[in-house]
Structure formats: C-alpha cells, structure tokens
$ cat query.cif   # mmCIF, C-alpha atoms
data_run
#
loop_
_atom_site.label_atom_id
_atom_site.label_comp_id
_atom_site.auth_asym_id
_atom_site.auth_seq_id
_atom_site.Cartn_x
_atom_site.Cartn_y
_atom_site.Cartn_z
CA MET A 446 -62.42 69.94 -23.32
CA SER A 447 -64.25 73.01 -22.10
CA GLN A 448 -64.20 76.11 -24.26
CA ASP A 449 -65.05 78.13 -21.17
CA ALA A 450 -61.62 77.56 -19.61
CA ASP A 451 -59.63 80.75 -19.05
CA TRP A 452 -56.54 79.41 -20.80
CA TYR A 453 -58.61 78.56 -23.91
CA LYS A 454 -60.28 81.99 -24.01
CA SER A 455 -56.85 83.58 -23.75
CA LEU A 456 -55.51 81.33 -26.54
CA VAL A 457 -58.37 82.26 -28.89
CA GLU A 458 -58.04 85.96 -28.06
CA ASP A 459 -54.29 85.91 -28.75
CA CYS A 460 -54.71 84.00 -32.04
CA ASP A 461 -57.45 86.38 -33.16
CA CYS A 462 -55.23 89.39 -32.39
CA LEU A 463 -52.31 87.85 -34.32
CA VAL A 464 -54.47 87.20 -37.40
CA THR A 465 -56.04 90.68 -37.25
CA GLU A 466 -52.62 92.32 -36.93
CA GLY A 467 -51.23 90.18 -39.77
CA ILE A 468 -54.09 91.17 -42.10
CA PHE A 469 -53.66 94.85 -41.18
CA ASN A 470 -49.92 94.62 -41.88
CA HIS A 471 -50.58 92.85 -45.18
CA HIS A 472 -52.95 95.61 -46.35
CA LEU A 473 -50.57 98.35 -45.27
CA THR A 474 -47.56 96.63 -46.87
CA LEU A 475 -49.42 96.31 -50.18
CA ILE A 476 -50.32 100.01 -50.18
CA VAL A 477 -46.77 101.04 -49.27
CA THR A 478 -45.34 98.74 -51.96
CA TYR A 479 -47.52 100.18 -54.72
CA HIS A 480 -46.75 103.68 -53.46
CA HIS A 481 -43.03 102.87 -53.85
CA VAL A 482 -43.65 101.55 -57.38
CA GLY A 483 -45.46 104.79 -58.27
CA ARG A 484 -42.68 106.86 -56.76
CA ARG A 485 -40.01 104.89 -58.62
CA ILE A 486 -41.73 105.48 -61.96
CA ALA A 487 -42.27 109.16 -61.10
CA LEU A 488 -38.54 109.53 -60.46
CA ASP A 489 -37.90 108.51 -64.06
CA LYS A 490 -40.48 110.79 -65.74
CA GLU A 491 -37.74 112.98 -67.20
CA SER A 492 -35.82 109.96 -68.51
CA ILE A 493 -39.02 108.56 -69.98
CA LYS A 494 -39.68 111.85 -71.76
CA GLU A 495 -36.09 112.04 -73.07
CA SER A 496 -36.23 108.44 -74.30
CA GLY A 497 -39.16 109.17 -76.57
CA TRP A 498 -41.31 106.54 -74.88
CA SER A 499 -44.82 107.46 -73.85
CA MET A 500 -45.91 106.88 -70.28
CA ASN A 501 -48.38 104.34 -71.62
CA GLU A 502 -45.56 102.37 -73.28
CA VAL A 503 -43.59 102.40 -70.04
CA VAL A 504 -46.62 101.28 -68.04
CA GLN A 505 -47.32 98.44 -70.48
CA HIS A 506 -43.71 97.18 -70.44
CA VAL A 507 -43.18 97.58 -66.70
CA ALA A 508 -46.48 95.80 -65.98
CA LYS A 509 -45.51 92.90 -68.21
CA ASP A 510 -41.99 92.67 -66.80
CA ILE A 511 -43.11 92.69 -63.15
CA ASN A 512 -46.08 90.42 -63.88
CA ARG A 513 -48.74 92.94 -62.89
CA SER A 514 -51.60 94.48 -64.83
CA PRO A 515 -51.09 97.83 -66.56
CA ARG A 516 -54.10 99.09 -64.62
CA MET A 517 -52.42 98.26 -61.32
CA VAL A 518 -49.23 100.03 -62.40
CA ARG A 519 -51.32 103.10 -63.36
CA TYR A 520 -52.95 102.96 -59.92
CA ALA A 521 -49.51 102.87 -58.34
CA ILE A 522 -48.55 106.02 -60.25
CA LYS A 523 -51.82 107.73 -59.30
CA LEU A 524 -51.36 106.71 -55.68
CA PHE A 525 -47.98 108.42 -55.53
CA ASP A 526 -49.16 111.47 -57.52
CA ARG A 527 -52.20 112.04 -55.32
CA PHE A 528 -50.61 111.09 -52.01
CA PRO A 529 -46.85 111.80 -52.16
CA ASP A 530 -46.95 111.36 -48.39
CA LEU A 531 -49.01 108.32 -47.39
CA SER A 532 -49.91 109.96 -44.10
CA LEU A 533 -52.17 112.20 -46.24
CA LEU A 534 -54.48 109.26 -47.02
CA PRO A 535 -57.84 110.22 -45.49
CA GLU A 536 -58.32 106.73 -44.05
CA GLY A 537 -54.90 106.67 -42.44
CA LYS A 538 -53.23 103.28 -42.23
CA ASN A 539 -56.39 101.29 -41.59
CA VAL A 540 -57.40 100.87 -45.24
CA THR A 541 -57.16 98.30 -48.02
CA MET A 542 -55.68 98.84 -51.48
CA ARG A 543 -59.11 98.08 -52.97
CA LYS A 544 -60.67 100.88 -50.95
CA VAL A 545 -57.87 103.29 -51.91
CA ILE A 546 -58.44 102.47 -55.59
CA ASN A 547 -62.23 102.65 -55.46
CA GLU A 548 -62.50 105.80 -53.36
CA TYR A 549 -59.40 107.84 -54.18
CA LEU A 550 -57.91 106.74 -57.51
CA THR A 551 -60.85 106.13 -59.88
CA ASP A 552 -62.40 109.61 -60.00
CA GLY A 553 -65.82 108.21 -59.13
CA GLU A 554 -65.93 105.78 -62.03
CA LYS A 555 -68.30 102.92 -61.31
CA LYS A 556 -65.82 100.02 -61.58
CA ASP A 557 -67.65 97.42 -59.55
CA GLN A 558 -70.83 97.22 -61.60
CA SER A 559 -71.40 94.69 -64.34
CA PRO A 560 -72.43 96.01 -67.77
CA SER A 561 -75.84 94.36 -67.51
CA LYS A 562 -76.46 95.98 -64.12
CA ILE A 563 -75.46 99.38 -65.50
CA LEU A 564 -77.71 98.89 -68.52
CA HIS A 565 -80.55 97.83 -66.21
CA GLU A 566 -80.14 101.12 -64.31
CA PHE A 567 -80.45 103.06 -67.56
CA SER A 568 -83.40 100.98 -68.75
CA LYS A 569 -85.32 102.04 -65.66
CA LEU A 570 -85.14 105.57 -67.03
CA ASP A 571 -86.96 104.95 -70.30
CA GLY A 572 -85.55 102.06 -72.34
CA ASP A 573 -86.87 98.61 -73.08
CA PHE A 574 -84.02 96.24 -73.83
CA GLU A 575 -86.01 93.04 -74.23
CA GLY A 576 -84.71 91.23 -77.30
CA TYR A 577 -81.26 92.84 -77.18
CA ASP A 578 -77.85 91.36 -76.37
CA LEU A 579 -75.20 93.42 -74.65
CA ASP A 580 -71.58 93.04 -75.68
CA ILE A 581 -68.90 95.08 -73.97
CA ARG A 582 -65.16 94.85 -74.53
CA LEU A 583 -62.00 96.60 -73.45
CA ASN A 584 -59.83 97.77 -76.34
CA LYS A 585 -56.40 97.71 -74.71
CA ASP A 586 -54.68 99.46 -77.62
CA LYS A 587 -56.93 102.50 -77.40
CA GLU A 588 -57.56 102.17 -73.66
CA GLU A 589 -61.29 102.48 -74.13
CA TRP A 590 -64.39 100.37 -73.67
CA THR A 591 -66.74 99.53 -76.52
CA CYS A 592 -70.37 98.69 -75.87
CA ILE A 593 -72.62 97.11 -78.50
CA LEU A 594 -76.34 96.65 -77.99
CA ASN A 595 -77.45 94.19 -80.68
CA SER A 596 -81.09 93.36 -81.50
CA ARG A 597 -82.02 89.67 -81.61
CA VAL A 598 -85.02 90.46 -83.81
CA GLY A 599 -83.40 92.36 -86.67
CA LYS A 600 -83.82 95.91 -85.38
CA GLY A 601 -80.10 96.62 -85.85
CA PHE A 602 -77.62 97.63 -83.23
CA VAL A 603 -76.08 100.61 -81.52
CA SER A 604 -72.53 100.94 -80.35
CA ALA A 605 -70.55 103.47 -78.38
CA VAL A 606 -67.21 103.85 -76.66
CA GLY A 607 -66.18 105.26 -73.32
CA LYS A 608 -63.06 105.65 -71.19
CA ASN A 609 -64.52 103.20 -68.67
CA MET A 610 -67.17 100.50 -68.65
CA TYR A 611 -69.81 102.75 -67.13
CA GLY A 612 -69.19 105.49 -69.70
CA ALA A 613 -69.37 103.07 -72.63
CA VAL A 614 -72.69 101.60 -71.49
CA LYS A 615 -74.09 105.06 -70.75
CA ASN A 616 -73.08 106.29 -74.23
CA CYS A 617 -74.59 103.15 -75.78
CA TYR A 618 -77.84 103.81 -73.93
CA LEU A 619 -77.89 107.41 -75.19
CA GLU A 620 -77.33 106.19 -78.76
CA TYR A 621 -80.16 103.72 -78.33
CA GLU A 622 -82.48 106.45 -77.08
CA GLN A 623 -81.67 108.64 -80.12
CA LYS A 624 -82.44 105.79 -82.55
CA LYS A 625 -85.82 104.97 -80.94
#
$ encode --input "query.cif" --output "structure tokens"
Amino acid sequence: MSQDADWYKSLVEDCDCLVTEGIFNHHLTLIVTYHHVGRRIALDKESIKESGWSMNEVVQHVAKDINRSPRMVRYAIKLFDRFPDLSLLPEGKNVTMRKVINEYLTDGEKKDQSPSKILHEFSKLDGDFEGYDLDIRLNKDKEEWTCILNSRVGKGFVSAVGKNMYGAVKNCYLEYEQKK
C-alpha cells in the first residue's frame, strides 16, 4: 500500500481535521459547562446568604455532590464572575480550561511549580538549604498552605502559611532568612 496515493492523503487529512475539531469542541464544551456551573451558583447567591450558609460551605457541598473538587467549583464561579459573557475571554473560543485557569482565574499565583522548585528559586537569592527537609501541606479547613522547613541536623525548623503554595514557601523562606 502506498501512502503517497491521493485517496490515502485525503483520508489522513479528513481524519486529522475530525480529531482536531473534536478536541476543539471538547475544550470549548468544558469551558461553557463550567461557566454554566458558575452562573447557576451565582443565581443563588441571595438564597445562599438568606440560608445562613457561607459560600465556602456551598462550594464544599456542591463539589462533593457533583463529584468535583472544591477548587474547580471555585474556578467555575470565578469564570462566570470575571467573564459573564464568554465572548469577553481574551483568547476567544480557541482556549483550554487549563489556560483559562492559569492565565485568567489565579491572579498570577504560581500553581504549576513544585514546592522544591519554588524553594530552589528562593535559595538562589541567599539561602543554603542543604540538610533541610521541606514539608508542605494544604489545610482544607482553613484554605491555606503550610510550609515547614525542618533541619536534619538539629538546627530546628521554620514554618509559615500562605494562601497558595507559592506564598507559603516564600513566607517560609523569609522566616528562615530572619532566623539565620
């Protein structure tokens, strides 16, 4: 079989177009769906307030009941709040939900970096973290990150909290620098 045949080139081109269009539609459908979820919750803000529930409680329960993460439900709410009309998205329709989250819903927080990579960036400034272990955890009740930098050689530890992973590690680094 020759892959140079016109019919085969046409077949591959058509299949490639179908897959590309399907992926595009999938990304767009996901964004539209989360936008609808955000809008639906926004429509009930007054009822939520009157019920005595906090928005956080609603997010936690809705997330559990629809089998999604609370973070994703919060992103859905932010998506609707920031872009009530999806045509206002700077990227238009050719965008993924991940890109929307990372570029438009996280306020510049560095979500994609590991704690050790963040700490390494800070250590380039002035710190020496040889002999230390890094422990970072998300406290879901308080919605904050805790970072602990613990010495393996008995020099003690420092700890700090932040609203995101980057902030917690940065605060931990600053605490470390003050103790030096």
$ resolve_selection --input "query.cif" --expression "the PyMOL selection byres ((chain A and resi 608) around 9)" --output "PyMOL selection string"
chain A and resi 588-591+606-607+609-613
$ write_last_selection --input "query.cif" --atoms "C-alpha atoms" --output "tab-separated table (two decimals), in the frame of the given file"
chain	number	residue	atom	x	y	z
A	588	GLU	CA	-57.56	102.17	-73.66
A	589	GLU	CA	-61.29	102.48	-74.13
A	590	TRP	CA	-64.39	100.37	-73.67
A	591	THR	CA	-66.74	99.53	-76.52
A	606	VAL	CA	-67.21	103.85	-76.66
A	607	GLY	CA	-66.18	105.26	-73.32
A	609	ASN	CA	-64.52	103.20	-68.67
A	610	MET	CA	-67.17	100.50	-68.65
A	611	TYR	CA	-69.81	102.75	-67.13
A	612	GLY	CA	-69.19	105.49	-69.70
A	613	ALA	CA	-69.37	103.07	-72.63
$ atom_distance --input "query.cif" --atom1 "CA of Thr474 (chain A)" --atom2 "CA of Met542 (chain A)"
9.6 Å
$ residues_around --input "query.cif" --residues "region 547-551 of chain A" --least-positions-apart "5" --cutoff "7 Å" --atoms "only C-alpha atoms" --output "VMD selection string"
chain A and resid 520 523 to 524
$ closest_residue --input "query.cif" --among "A:Ala508, A:Glu491, A:Pro515, A:Gly483" --to "Asp530 (chain A)" --atoms "only C-alpha atoms"
A:Gly483
$ closest_residue --input "query.cif" --among "A:Lys454, A:Asn470, A:Gln448, A:Tyr621" --to "Asn539 (chain A)" --atoms "only C-alpha atoms"
A:Asn470
$ closest_residue --input "query.cif" --among "A:Ser532, A:Val518, A:Asp580, A:Asp586" --to "Arg484 (chain A)" --atoms "all atoms listed in the file"
A:Val518
$ atom_distance --input "query.cif" --atom1 "CA of Asp510 (chain A)" --atom2 "CA of Arg582 (chain A)"
24.5 Å
$ atom_distance --input "query.cif" --atom1 "CA of Ile476 (chain A)" --atom2 "CA of Asn584 (chain A)"
27.9 Å
$ closest_residue --input "query.cif" --among "A:Thr541, A:Ser455, A:Asn512, A:Ser496" --to "His471 (chain A)" --atoms "all atoms listed in the file"
A:Thr541
$ closest_residue --input "query.cif" --among "A:Val603, A:Leu488, A:Leu473, A:Val503" --to "Lys544 (chain A)" --atoms "only C-alpha atoms"
A:Leu473
$ closest_residue --input "query.cif" --among "A:Ala605, A:Ile546, A:Ile468, A:Ala487" --to "Asp526 (chain A)" --atoms "only C-alpha atoms"
A:Ala487
